[in-house]
>>> print(open('coords_16.cif').read())   # mmCIF, C-alpha atoms
data_model
loop_
_atom_site.group_PDB
_atom_site.id
_atom_site.type_symbol
_atom_site.label_atom_id
_atom_site.label_comp_id
_atom_site.auth_asym_id
_atom_site.auth_seq_id
_atom_site.Cartn_x
_atom_site.Cartn_y
_atom_site.Cartn_z
ATOM 1 C CA MET A 1 28.636 -1.044 38.511
ATOM 2 C CA GLY A 2 29.257 2.096 40.636
ATOM 3 C CA THR A 3 26.415 4.585 41.001
ATOM 4 C CA ILE A 4 23.816 5.665 38.479
ATOM 5 C CA GLY A 5 21.838 8.890 38.355
ATOM 6 C CA PHE A 6 18.515 9.738 36.743
ATOM 7 C CA TYR A 7 17.637 13.244 35.683
ATOM 8 C CA GLY A 8 13.871 12.865 35.497
ATOM 9 C CA ALA A 9 11.465 10.502 37.229
ATOM 10 C CA GLY A 10 8.875 9.655 34.574
ATOM 11 C CA ASN A 11 7.541 6.322 33.347
ATOM 12 C CA MET A 12 10.700 5.323 31.486
ATOM 13 C CA ALA A 13 12.860 6.003 34.539
ATOM 14 C CA HIS A 14 10.500 3.763 36.541
ATOM 15 C CA ALA A 15 10.841 0.972 33.973
ATOM 16 C CA ILE A 16 14.637 1.168 33.898
ATOM 17 C CA ILE A 17 14.971 1.259 37.675
ATOM 18 C CA HIS A 18 12.606 -1.689 38.067
ATOM 19 C CA GLY A 19 14.607 -3.706 35.542
ATOM 20 C CA MET A 20 17.974 -2.890 37.095
ATOM 21 C CA LEU A 21 16.839 -3.808 40.586
ATOM 22 C CA ALA A 22 15.156 -7.008 39.381
ATOM 23 C CA GLU A 23 18.370 -8.052 37.594
ATOM 24 C CA GLY A 24 20.570 -7.055 40.549
ATOM 25 C CA LEU A 25 22.647 -4.615 38.474
ATOM 26 C CA TYR A 26 22.386 -1.941 41.147
ATOM 27 C CA GLN A 27 21.296 -1.797 44.749
ATOM 28 C CA LYS A 28 18.710 0.799 45.750
ATOM 29 C CA GLU A 29 21.311 2.914 47.541
ATOM 30 C CA GLU A 30 23.360 3.097 44.313
ATOM 31 C CA ILE A 31 20.504 4.727 42.364
ATOM 32 C CA LEU A 32 19.997 8.482 42.694
ATOM 33 C CA VAL A 33 17.137 10.410 41.135
ATOM 34 C CA TYR A 34 16.701 14.128 40.547
ATOM 35 C CA ASN A 35 13.540 15.758 39.241
ATOM 36 C CA HIS A 36 13.133 19.474 38.626
ATOM 37 C CA ARG A 37 9.890 19.337 40.622
ATOM 38 C CA TYR A 38 8.860 17.085 43.483
ATOM 39 C CA GLU A 39 6.080 15.295 41.634
ATOM 40 C CA PRO A 40 3.936 12.210 42.329
ATOM 41 C CA THR A 41 6.218 10.193 40.030
ATOM 42 C CA LEU A 42 9.198 10.940 42.260
ATOM 43 C CA LYS A 43 7.203 10.135 45.389
ATOM 44 C CA LYS A 44 6.181 6.830 43.805
ATOM 45 C CA LEU A 45 9.831 5.946 43.163
ATOM 46 C CA GLU A 46 10.647 6.718 46.787
ATOM 47 C CA GLU A 47 7.820 4.595 48.123
ATOM 48 C CA GLN A 48 8.152 1.663 45.706
ATOM 49 C CA TYR A 49 11.940 1.265 45.661
ATOM 50 C CA GLN A 50 13.084 3.202 48.758
ATOM 51 C CA ILE A 51 15.290 5.384 46.576
ATOM 52 C CA ARG A 52 16.413 8.674 48.065
ATOM 53 C CA PRO A 53 15.742 11.629 45.767
ATOM 54 C CA ILE A 54 18.486 14.145 45.065
ATOM 55 C CA LEU A 55 17.286 17.699 45.514
ATOM 56 C CA ASP A 56 20.265 19.476 43.954
ATOM 57 C CA GLU A 57 21.519 19.090 40.368
ATOM 58 C CA LYS A 58 25.148 19.570 41.364
ATOM 59 C CA GLU A 59 24.902 16.756 43.920
ATOM 60 C CA LEU A 60 23.547 14.372 41.273
ATOM 61 C CA PHE A 61 26.564 14.934 39.023
ATOM 62 C CA ALA A 62 29.015 14.821 41.942
ATOM 63 C CA LYS A 63 27.768 11.450 43.210
ATOM 64 C CA THR A 64 27.257 9.565 39.932
ATOM 65 C CA ASP A 65 29.377 8.664 36.923
ATOM 66 C CA LEU A 66 26.550 7.393 34.674
ATOM 67 C CA ILE A 67 23.609 9.751 34.244
ATOM 68 C CA ILE A 68 20.432 8.947 32.315
ATOM 69 C CA PHE A 69 18.479 11.952 31.086
ATOM 70 C CA ALA A 70 14.854 10.786 31.169
ATOM 71 C CA VAL A 71 13.164 14.094 30.397
ATOM 72 C CA LYS A 72 11.376 15.694 27.466
ATOM 73 C CA PRO A 73 13.566 16.994 24.641
ATOM 74 C CA GLU A 74 12.803 20.657 25.284
ATOM 75 C CA ILE A 75 13.795 20.315 28.953
ATOM 76 C CA LEU A 76 17.060 18.549 28.095
ATOM 77 C CA LEU A 77 18.050 21.127 25.467
ATOM 78 C CA ALA A 78 17.317 23.973 27.876
ATOM 79 C CA LYS A 79 19.215 22.399 30.767
ATOM 80 C CA LEU A 80 22.307 20.977 29.030
ATOM 81 C CA PRO A 81 24.354 24.220 28.895
ATOM 82 C CA GLY A 82 24.038 24.570 32.663
ATOM 83 C CA PHE A 83 25.302 21.013 33.226
ATOM 84 C CA LYS A 84 28.643 21.781 31.593
ATOM 85 C CA GLN A 85 30.018 23.219 34.830
ATOM 86 C CA PHE A 86 29.371 19.931 36.670
ATOM 87 C CA LEU A 87 30.856 17.523 34.129
ATOM 88 C CA THR A 88 34.160 15.681 34.346
ATOM 89 C CA GLU A 89 35.805 13.456 31.759
ATOM 90 C CA GLU A 90 34.539 10.431 33.714
ATOM 91 C CA HIS A 91 30.852 11.190 33.262
ATOM 92 C CA LEU A 92 28.898 8.969 30.865
ATOM 93 C CA LEU A 93 25.785 10.782 29.619
ATOM 94 C CA VAL A 94 22.848 8.739 28.328
ATOM 95 C CA SER A 95 19.898 10.490 26.683
ATOM 96 C CA ILE A 96 16.407 9.073 26.137
ATOM 97 C CA ALA A 97 15.089 12.397 24.800
ATOM 98 C CA ALA A 98 13.513 11.791 21.401
ATOM 99 C CA GLY A 99 14.893 13.892 18.565
ATOM 100 C CA VAL A 100 17.938 15.213 20.449
ATOM 101 C CA THR A 101 21.035 14.161 18.520
ATOM 102 C CA ILE A 102 24.479 13.351 19.831
ATOM 103 C CA GLN A 103 25.844 16.313 17.876
ATOM 104 C CA GLN A 104 23.369 18.671 19.561
ATOM 105 C CA MET A 105 24.445 17.422 22.974
ATOM 106 C CA GLU A 106 28.129 17.796 22.107
ATOM 107 C CA GLU A 107 27.518 21.374 20.974
ATOM 108 C CA LEU A 108 25.834 22.201 24.272
ATOM 109 C CA VAL A 109 28.160 20.453 26.771
ATOM 110 C CA GLY A 110 31.369 19.849 24.810
ATOM 111 C CA LEU A 111 32.997 16.611 23.765
ATOM 112 C CA HIS A 112 32.029 14.163 26.503
ATOM 113 C CA LYS A 113 31.015 10.498 26.564
ATOM 114 C CA ILE A 114 27.502 10.580 25.109
ATOM 115 C CA VAL A 115 25.038 7.786 24.384
ATOM 116 C CA ARG A 116 21.695 8.199 22.656
ATOM 117 C CA VAL A 117 19.128 5.491 23.320
ATOM 118 C CA MET A 118 15.652 4.853 21.930
ATOM 119 C CA PRO A 119 13.606 2.484 24.123
ATOM 120 C CA ASN A 120 9.925 1.751 23.565
ATOM 121 C CA THR A 121 6.957 1.576 25.924
ATOM 122 C CA PRO A 122 6.882 -2.233 26.472
ATOM 123 C CA ALA A 123 9.847 -1.518 28.738
ATOM 124 C CA ALA A 124 7.171 -1.015 31.393
ATOM 125 C CA VAL A 125 6.447 -4.775 31.355
ATOM 126 C CA GLY A 126 10.038 -5.958 30.908
ATOM 127 C CA GLU A 127 9.772 -6.433 27.125
ATOM 128 C CA GLY A 128 11.348 -3.239 25.832
ATOM 129 C CA MET A 129 13.403 -2.872 22.663
ATOM 130 C CA THR A 130 16.167 -0.278 22.752
ATOM 131 C CA SER A 131 18.641 1.038 20.212
ATOM 132 C CA VAL A 132 21.957 2.280 21.600
ATOM 133 C CA SER A 133 24.115 4.773 19.679
ATOM 134 C CA ILE A 134 27.436 6.110 21.001
ATOM 135 C CA ASN A 135 29.907 8.848 20.180
ATOM 136 C CA SER A 136 33.664 8.435 19.721
ATOM 137 C CA GLU A 137 34.454 9.073 23.400
ATOM 138 C CA VAL A 138 32.595 6.009 24.733
ATOM 139 C CA THR A 139 34.786 2.962 25.389
ATOM 140 C CA ASP A 140 33.841 -0.656 24.741
ATOM 141 C CA SER A 141 33.445 -1.317 28.463
ATOM 142 C CA GLU A 142 31.197 1.729 28.872
ATOM 143 C CA GLN A 143 29.100 0.619 25.904
ATOM 144 C CA ALA A 144 28.740 -2.804 27.523
ATOM 145 C CA LYS A 145 27.670 -1.136 30.771
ATOM 146 C CA VAL A 146 24.911 0.814 29.027
ATOM 147 C CA LEU A 147 23.750 -2.323 27.213
ATOM 148 C CA GLN A 148 23.478 -4.153 30.539
ATOM 149 C CA VAL A 149 21.217 -1.430 31.899
ATOM 150 C CA PHE A 150 18.848 -1.452 28.926
ATOM 151 C CA GLN A 151 18.879 -5.232 28.563
ATOM 152 C CA SER A 152 17.617 -5.491 32.153
ATOM 153 C CA PHE A 153 14.081 -4.748 30.905
ATOM 154 C CA GLY A 154 14.111 -6.271 27.428
ATOM 155 C CA ARG A 155 16.536 -6.271 24.513
ATOM 156 C CA ALA A 156 19.085 -3.659 23.442
ATOM 157 C CA VAL A 157 21.186 -3.476 20.281
ATOM 158 C CA VAL A 158 23.979 -1.096 19.273
ATOM 159 C CA LEU A 159 23.164 0.734 16.039
ATOM 160 C CA PRO A 160 24.645 3.770 14.281
ATOM 161 C CA GLU A 161 22.728 6.934 15.061
ATOM 162 C CA SER A 162 21.924 7.280 11.353
ATOM 163 C CA GLN A 163 19.421 4.424 11.795
ATOM 164 C CA ILE A 164 17.433 6.134 14.564
ATOM 165 C CA ASP A 165 14.620 7.089 12.177
ATOM 166 C CA ALA A 166 14.178 3.449 11.168
ATOM 167 C CA VAL A 167 14.200 2.472 14.850
ATOM 168 C CA VAL A 168 11.341 4.897 15.528
ATOM 169 C CA GLY A 169 9.324 3.387 12.678
ATOM 170 C CA VAL A 170 9.919 -0.285 13.443
ATOM 171 C CA SER A 171 10.111 -0.185 17.248
ATOM 172 C CA GLY A 172 9.440 3.168 18.905
ATOM 173 C CA SER A 173 6.043 3.719 17.270
ATOM 174 C CA SER A 174 5.141 0.122 16.477
ATOM 175 C CA PRO A 175 3.494 -0.835 19.783
ATOM 176 C CA ALA A 176 0.615 1.335 18.564
ATOM 177 C CA TYR A 177 0.443 -0.670 15.321
ATOM 178 C CA ALA A 178 0.394 -3.891 17.340
ATOM 179 C CA TYR A 179 -2.425 -2.594 19.546
ATOM 180 C CA LEU A 180 -4.447 -1.756 16.431
ATOM 181 C CA PHE A 181 -3.819 -5.249 15.082
ATOM 182 C CA ILE A 182 -4.822 -6.897 18.371
ATOM 183 C CA GLU A 183 -7.960 -4.771 18.529
ATOM 184 C CA ALA A 184 -8.851 -5.673 14.942
ATOM 185 C CA LEU A 185 -8.261 -9.383 15.606
ATOM 186 C CA ALA A 186 -10.525 -9.180 18.639
ATOM 187 C CA ASP A 187 -13.204 -7.319 16.680
ATOM 188 C CA GLY A 188 -13.201 -10.130 14.130
ATOM 189 C CA ALA A 189 -13.628 -12.716 16.871
ATOM 190 C CA VAL A 190 -16.447 -10.696 18.466
ATOM 191 C CA LEU A 191 -18.141 -10.580 15.081
ATOM 192 C CA GLU A 192 -17.966 -14.391 15.141
ATOM 193 C CA GLY A 193 -19.665 -14.472 18.551
ATOM 194 C CA MET A 194 -16.761 -14.518 21.043
ATOM 195 C CA LYS A 195 -16.935 -12.458 24.260
ATOM 196 C CA ARG A 196 -14.766 -9.342 23.961
ATOM 197 C CA THR A 197 -12.684 -10.109 27.049
ATOM 198 C CA ASP A 198 -11.896 -13.562 25.675
ATOM 199 C CA ALA A 199 -11.214 -12.119 22.226
ATOM 200 C CA TYR A 200 -8.600 -9.679 23.571
ATOM 201 C CA GLU A 201 -6.876 -12.454 25.506
ATOM 202 C CA PHE A 202 -6.757 -14.813 22.535
ATOM 203 C CA ALA A 203 -5.571 -12.075 20.173
ATOM 204 C CA ALA A 204 -2.899 -10.666 22.488
ATOM 205 C CA GLN A 205 -1.508 -14.077 23.413
ATOM 206 C CA ALA A 206 -1.378 -15.086 19.750
ATOM 207 C CA VAL A 207 0.663 -11.973 18.889
ATOM 208 C CA LEU A 208 2.940 -12.485 21.903
ATOM 209 C CA GLY A 209 3.501 -16.144 21.045
ATOM 210 C CA ALA A 210 4.195 -15.420 17.377
ATOM 211 C CA ALA A 211 6.746 -12.762 18.335
ATOM 212 C CA LYS A 212 8.510 -15.194 20.677
ATOM 213 C CA MET A 213 8.643 -17.767 17.893
ATOM 214 C CA VAL A 214 10.514 -15.280 15.682
ATOM 215 C CA LEU A 215 12.945 -14.299 18.445
ATOM 216 C CA GLU A 216 13.599 -17.725 19.941
ATOM 217 C CA THR A 217 13.664 -20.020 16.894
ATOM 218 C CA GLY A 218 15.793 -17.756 14.730
ATOM 219 C CA GLU A 219 13.688 -18.751 11.730
ATOM 220 C CA HIS A 220 12.661 -16.269 9.056
ATOM 221 C CA PRO A 221 9.140 -14.904 9.701
ATOM 222 C CA GLY A 222 8.141 -16.018 6.218
ATOM 223 C CA ALA A 223 9.215 -19.594 6.942
ATOM 224 C CA LEU A 224 7.214 -19.616 10.169
ATOM 225 C CA LYS A 225 4.202 -18.278 8.275
ATOM 226 C CA ASP A 226 4.549 -21.022 5.675
ATOM 227 C CA LYS A 227 4.492 -23.696 8.407
ATOM 228 C CA VAL A 228 1.051 -22.503 9.514
ATOM 229 C CA CYS A 229 -0.381 -22.235 5.998
ATOM 230 C CA SER A 230 -1.589 -25.728 5.061
ATOM 231 C CA PRO A 231 -2.575 -26.230 1.386
ATOM 232 C CA GLY A 232 -6.174 -25.179 0.878
ATOM 233 C CA GLY A 233 -6.546 -24.405 4.579
ATOM 234 C CA THR A 234 -8.021 -21.631 6.676
ATOM 235 C CA THR A 235 -4.777 -19.752 7.329
ATOM 236 C CA ILE A 236 -3.669 -19.395 3.715
ATOM 237 C CA ALA A 237 -7.160 -18.155 2.886
ATOM 238 C CA ALA A 238 -6.863 -15.516 5.622
ATOM 239 C CA VAL A 239 -3.362 -14.516 4.444
ATOM 240 C CA ARG A 240 -4.699 -14.086 0.922
ATOM 241 C CA SER A 241 -7.420 -11.793 2.287
ATOM 242 C CA LEU A 242 -4.859 -9.678 4.169
ATOM 243 C CA GLU A 243 -2.683 -9.340 1.064
ATOM 244 C CA ALA A 244 -5.686 -8.455 -1.104
ATOM 245 C CA ASN A 245 -6.533 -5.634 1.313
ATOM 246 C CA GLY A 246 -3.031 -4.164 1.271
ATOM 247 C CA PHE A 247 -1.929 -5.344 4.730
ATOM 248 C CA ARG A 248 1.789 -5.619 3.973
ATOM 249 C CA HIS A 249 1.886 -2.323 2.056
ATOM 250 C CA ALA A 250 0.035 -0.499 4.841
ATOM 251 C CA VAL A 251 2.521 -1.667 7.488
ATOM 252 C CA ILE A 252 5.571 -0.761 5.389
ATOM 253 C CA GLU A 253 4.042 2.635 4.683
ATOM 254 C CA ALA A 254 3.408 3.180 8.405
ATOM 255 C CA VAL A 255 7.042 2.451 9.302
ATOM 256 C CA GLN A 256 8.296 4.847 6.623
ATOM 257 C CA THR A 257 5.809 7.538 7.647
ATOM 258 C CA ALA A 258 6.941 7.382 11.281
ATOM 259 C CA ALA A 259 10.601 7.473 10.218
ATOM 260 C CA LYS A 260 9.983 10.482 7.970
ATOM 261 C CA LYS A 261 8.139 12.331 10.757
ATOM 262 C CA ASN A 262 11.005 11.663 13.148
ATOM 263 C CA ARG A 263 13.467 13.156 10.645
ATOM 264 C CA GLU A 264 11.294 16.255 10.420
ATOM 265 C CA LEU A 265 11.045 16.604 14.202
ATOM 266 C CA THR A 266 14.780 16.112 14.659
#
>>> encode(input="coords_16.cif", output="structure tokens")
Amino acid sequence: MGTIGFYGAGNMAHAIIHGMLAEGLYQKEEILVYNHRYEPTLKKLEEQYQIRPILDEKELFAKTDLIIFAVKPEILLAKLPGFKQFLTEEHLLVSIAAGVTIQQMEELVGLHKIVRVMPNTPAAVGEGMTSVSINSEVTDSEQAKVLQVFQSFGRAVVLPESQIDAVVGVSGSSPAYAYLFIEALADGAVLEGMKRTDAYEFAAQAVLGAAKMVLETGEHPGALKDKVCSPGGTTIAAVRSLEANGFRHAVIEAVQTAAKKNRELT
């Protein structure tokens, strides 16, 4: 796989590095990390994975051919023009910065191999979902290489960049919706007399199991729902209550609201 560099040492960098090492994609000596300040997050990477930090930007670009920018959008946009002097045609640039488009990056560094990815926070527990969008300079083998990296801590799918707003709505922001749902499920169980710690465990495991059923059976979510809804039973009564209270509409509206906000921010 060669060497891989990280510009930034935040939580997402930690998740990616953990996944890559766990999957054996890279060895610790093949992973280089630069951070504009020597922060606790960088120290944690050093201690946890025995990765040597790079203290000079130029050295990071000289020693790596795949570089992941894991910094905030404003930092990336400010720094990109200065990176132009370090780039060669072999460099593959991967950005996690929300709202920074491929076109913006091309305008700031020139026409290089650029990939825009949108992972979500469950990456921290090996269950991330990532969209991968590429520009015209990225080859099939380079695309496959990026997919391997982001599939090491969950799932990754290639999508056109035009669908990034939908990705934010359905995946990037949706862990928060799921947490609200789990909390509400638990509150209902507590109202019925269950201990709160037990209620959270039952609710979270139910959501996790249902999600795995969708992913691993390949069945339509509606078909799986129908299998649980016995005629005249408890589940169909609960589904009716959710529909009567606008559950489906509220979720669709949330996805569209997040997508619209992302368009505005971009």
>>> closest_residue(input="coords_16.cif", among="A:His220, A:His91, A:Lys84, A:His249", to="Gly110 in chain A", atoms="only C-alpha atoms")
A:Lys84
>>> resolve_selection(input="coords_16.cif", expression="the PyMOL selection byres ((chain A and resi 124-131) around 10)", output="PDB file with C-alpha atoms, keeping the file's coordinate frame")
ATOM      1  CA  ASN A  11       7.541   6.322  33.347  1.00  0.00           C
ATOM      2  CA  MET A  12      10.700   5.323  31.486  1.00  0.00           C
ATOM      3  CA  ALA A  13      12.860   6.003  34.539  1.00  0.00           C
ATOM      4  CA  HIS A  14      10.500   3.763  36.541  1.00  0.00           C
ATOM      5  CA  ALA A  15      10.841   0.972  33.973  1.00  0.00           C
ATOM      6  CA  ILE A  16      14.637   1.168  33.898  1.00  0.00           C
ATOM      7  CA  HIS A  18      12.606  -1.689  38.067  1.00  0.00           C
ATOM      8  CA  GLY A  19      14.607  -3.706  35.542  1.00  0.00           C
ATOM      9  CA  ALA A  22      15.156  -7.008  39.381  1.00  0.00           C
ATOM     10  CA  ILE A  96      16.407   9.073  26.137  1.00  0.00           C
ATOM     11  CA  ARG A 116      21.695   8.199  22.656  1.00  0.00           C
ATOM     12  CA  VAL A 117      19.128   5.491  23.320  1.00  0.00           C
ATOM     13  CA  MET A 118      15.652   4.853  21.930  1.00  0.00           C
ATOM     14  CA  PRO A 119      13.606   2.484  24.123  1.00  0.00           C
ATOM     15  CA  ASN A 120       9.925   1.751  23.565  1.00  0.00           C
ATOM     16  CA  THR A 121       6.957   1.576  25.924  1.00  0.00           C
ATOM     17  CA  PRO A 122       6.882  -2.233  26.472  1.00  0.00           C
ATOM     18  CA  ALA A 123       9.847  -1.518  28.738  1.00  0.00           C
ATOM     19  CA  VAL A 132      21.957   2.280  21.600  1.00  0.00           C
ATOM     20  CA  SER A 133      24.115   4.773  19.679  1.00  0.00           C
ATOM     21  CA  LEU A 147      23.750  -2.323  27.213  1.00  0.00           C
ATOM     22  CA  PHE A 150      18.848  -1.452  28.926  1.00  0.00           C
ATOM     23  CA  GLN A 151      18.879  -5.232  28.563  1.00  0.00           C
ATOM     24  CA  SER A 152      17.617  -5.491  32.153  1.00  0.00           C
ATOM     25  CA  PHE A 153      14.081  -4.748  30.905  1.00  0.00           C
ATOM     26  CA  GLY A 154      14.111  -6.271  27.428  1.00  0.00           C
ATOM     27  CA  ARG A 155      16.536  -6.271  24.513  1.00  0.00           C
ATOM     28  CA  ALA A 156      19.085  -3.659  23.442  1.00  0.00           C
ATOM     29  CA  VAL A 157      21.186  -3.476  20.281  1.00  0.00           C
ATOM     30  CA  VAL A 158      23.979  -1.096  19.273  1.00  0.00           C
ATOM     31  CA  LEU A 159      23.164   0.734  16.039  1.00  0.00           C
ATOM     32  CA  PRO A 160      24.645   3.770  14.281  1.00  0.00           C
ATOM     33  CA  GLU A 161      22.728   6.934  15.061  1.00  0.00           C
ATOM     34  CA  GLN A 163      19.421   4.424  11.795  1.00  0.00           C
ATOM     35  CA  ILE A 164      17.433   6.134  14.564  1.00  0.00           C
ATOM     36  CA  VAL A 167      14.200   2.472  14.850  1.00  0.00           C
ATOM     37  CA  VAL A 168      11.341   4.897  15.528  1.00  0.00           C
ATOM     38  CA  SER A 171      10.111  -0.185  17.248  1.00  0.00           C
ATOM     39  CA  GLY A 172       9.440   3.168  18.905  1.00  0.00           C
TER      40      GLY A 172
END
>>> atom_distance(input="coords_16.cif", atom1="CA of Asp56 in chain A", atom2="CA of His36 in chain A")
8.9 Å
>>> residues_around(input="coords_16.cif", residues="range 134-141 of chain A", least_positions_apart="5", cutoff="8 Å", atoms="only C-alpha atoms", output="CSV table (one decimal) with C-alpha atoms, in the coordinates of the input")
chain,number,residue,atom,x,y,z
A,92,LEU,CA,28.9,9.0,30.9
A,102,ILE,CA,24.5,13.4,19.8
A,111,LEU,CA,33.0,16.6,23.8
A,112,HIS,CA,32.0,14.2,26.5
A,113,LYS,CA,31.0,10.5,26.6
A,114,ILE,CA,27.5,10.6,25.1
A,115,VAL,CA,25.0,7.8,24.4
A,116,ARG,CA,21.7,8.2,22.7
A,160,PRO,CA,24.6,3.8,14.3
A,161,GLU,CA,22.7,6.9,15.1
>>> resolve_selection(input="coords_16.cif", expression="the PyMOL selection byres ((chain A and resi 179-190) around 6)", output="list of chain:residue names")
A:Ala176, A:Tyr177, A:Ala178, A:Leu191, A:Glu192, A:Gly193, A:Met194, A:Arg196, A:Ala199, A:Tyr200, A:Ala203, A:Ala204
>>> closest_residue(input="coords_16.cif", among="A:Leu224, A:Thr64, A:Thr197, A:Asp165", to="Lys212 in chain A", atoms="all atoms listed in the file")
A:Leu224
>>> atom_distance(input="coords_16.cif", atom1="CA of Leu45 in chain A", atom2="CA of Leu80 in chain A")
24.1 Å
>>> closest_residue(input="coords_16.cif", among="A:Leu66, A:Ile51, A:Val71, A:Leu32", to="Gly8 in chain A", atoms="all atoms listed in the file")
A:Val71
>>> resolve_selection(input="coords_16.cif", expression="the PyMOL selection byres ((chain A and resi 5) around 6)", output="ChimeraX atom specification")
/A:4,6,31-33,64,67
>>> axis_aligned_box(input="coords_16.cif", around="range 101-107 of chain A", padding_each_side="6 Å", output="AutoDock Vina command-line options")
--center_x 24.6 --center_y 17.4 --center_z 20.4 --size_x 19.1 --size_y 20.0 --size_z 17.1
>>> atom_distance(input="coords_16.cif", atom1="CA of Glu253 in chain A", atom2="CA of Pro175 in chain A")
15.5 Å
>>> closest_residue(input="coords_16.cif", among="A:Val228, A:Ala97, A:Ala78, A:Ala258", to="Val109 in chain A", atoms="only C-alpha atoms")
A:Ala78
>>> residues_near_point(input="coords_16.cif", point="(25.3, 22.2, 32.9)", cutoff="10 Å", atoms="only C-alpha atoms", output="list of chain:residue names")
A:Glu57, A:Lys58, A:Phe61, A:Ala78, A:Lys79, A:Leu80, A:Pro81, A:Gly82, A:Phe83, A:Lys84, A:Gln85, A:Phe86, A:Leu87, A:Leu108, A:Val109
>>> closest_residue(input="coords_16.cif", among="A:Val100, A:Ala254, A:Ala223, A:Ile54", to="Phe69 in chain A", atoms="only C-alpha atoms")
A:Val100
>>> residues_around(input="coords_16.cif", residues="Gln256 in chain A", least_positions_apart="5", cutoff="9 Å", atoms="only C-alpha atoms", output="number ranges by chain")
A: 165-166, 169-170, 251, 261
>>> residues_around(input="coords_16.cif", residues="Thr101 in chain A", least_positions_apart="3", cutoff="8 Å", atoms="all atoms listed in the file", output="PyMOL selection string")
chain A and resi 104-105+116+266
>>> residues_near_point(input="coords_16.cif", point="(11.3, 15.7, 22.7)", cutoff="8 Å", atoms="all atoms listed in the file", output="ChimeraX atom specification")
/A:72-74,97-100
>>> decode(input="coords_16.cif", residues="range 70-75 of chain A", atoms="all heavy atoms", output="PDB file, in the first residue's frame")
ATOM      1  N   ALA A  70      -7.450  15.673   7.509  1.00  0.00           N
ATOM      2  CA  ALA A  70      -8.436  15.463   8.575  1.00  0.00           C
ATOM      3  C   ALA A  70      -8.457  16.687   9.480  1.00  0.00           C
ATOM      4  O   ALA A  70      -8.190  16.599  10.682  1.00  0.00           O
ATOM      5  CB  ALA A  70      -8.104  14.197   9.363  1.00  0.00           C
ATOM      6  N   VAL A  71      -8.760  17.835   8.871  1.00  0.00           N
ATOM      7  CA  VAL A  71      -8.799  19.095   9.609  1.00  0.00           C
ATOM      8  C   VAL A  71     -10.101  19.824   9.311  1.00  0.00           C
ATOM      9  O   VAL A  71     -10.845  19.456   8.395  1.00  0.00           O
ATOM     10  CB  VAL A  71      -7.601  20.002   9.226  1.00  0.00           C
ATOM     11  CG1 VAL A  71      -6.298  19.411   9.717  1.00  0.00           C
ATOM     12  CG2 VAL A  71      -7.564  20.251   7.725  1.00  0.00           C
ATOM     13  N   LYS A  72     -10.359  20.881  10.047  1.00  0.00           N
ATOM     14  CA  LYS A  72     -11.572  21.665   9.836  1.00  0.00           C
ATOM     15  C   LYS A  72     -11.504  22.386   8.494  1.00  0.00           C
ATOM     16  O   LYS A  72     -10.413  22.706   8.009  1.00  0.00           O
ATOM     17  CB  LYS A  72     -11.745  22.667  10.985  1.00  0.00           C
ATOM     18  CG  LYS A  72     -11.962  21.979  12.317  1.00  0.00           C
ATOM     19  CD  LYS A  72     -12.227  22.977  13.420  1.00  0.00           C
ATOM     20  CE  LYS A  72     -12.407  22.211  14.700  1.00  0.00           C
ATOM     21  NZ  LYS A  72     -13.035  22.764  15.760  1.00  0.00           N
ATOM     22  N   PRO A  73     -12.664  22.635   7.899  1.00  0.00           N
ATOM     23  CA  PRO A  73     -12.697  23.249   6.566  1.00  0.00           C
ATOM     24  C   PRO A  73     -11.910  24.544   6.465  1.00  0.00           C
ATOM     25  O   PRO A  73     -11.172  24.751   5.494  1.00  0.00           O
ATOM     26  CB  PRO A  73     -14.194  23.499   6.337  1.00  0.00           C
ATOM     27  CG  PRO A  73     -14.890  22.540   7.231  1.00  0.00           C
ATOM     28  CD  PRO A  73     -14.010  22.339   8.410  1.00  0.00           C
ATOM     29  N   GLU A  74     -12.040  25.415   7.465  1.00  0.00           N
ATOM     30  CA  GLU A  74     -11.354  26.703   7.388  1.00  0.00           C
ATOM     31  C   GLU A  74      -9.836  26.550   7.400  1.00  0.00           C
ATOM     32  O   GLU A  74      -9.105  27.316   6.754  1.00  0.00           O
ATOM     33  CB  GLU A  74     -11.808  27.637   8.519  1.00  0.00           C
ATOM     34  CG  GLU A  74     -11.565  27.122   9.923  1.00  0.00           C
ATOM     35  CD  GLU A  74     -12.703  26.303  10.501  1.00  0.00           C
ATOM     36  OE1 GLU A  74     -13.516  25.763   9.705  1.00  0.00           O
ATOM     37  OE2 GLU A  74     -12.790  26.186  11.744  1.00  0.00           O
ATOM     38  N   ILE A  75      -9.345  25.531   8.124  1.00  0.00           N
ATOM     39  CA  ILE A  75      -7.897  25.279   8.150  1.00  0.00           C
ATOM     40  C   ILE A  75      -7.445  24.760   6.801  1.00  0.00           C
ATOM     41  O   ILE A  75      -6.422  25.209   6.251  1.00  0.00           O
ATOM     42  CB  ILE A  75      -7.542  24.279   9.268  1.00  0.00           C
ATOM     43  CG1 ILE A  75      -7.829  24.894  10.635  1.00  0.00           C
ATOM     44  CG2 ILE A  75      -6.075  23.861   9.176  1.00  0.00           C
ATOM     45  CD1 ILE A  75      -7.616  23.951  11.797  1.00  0.00           C
TER      46      ILE A  75
END
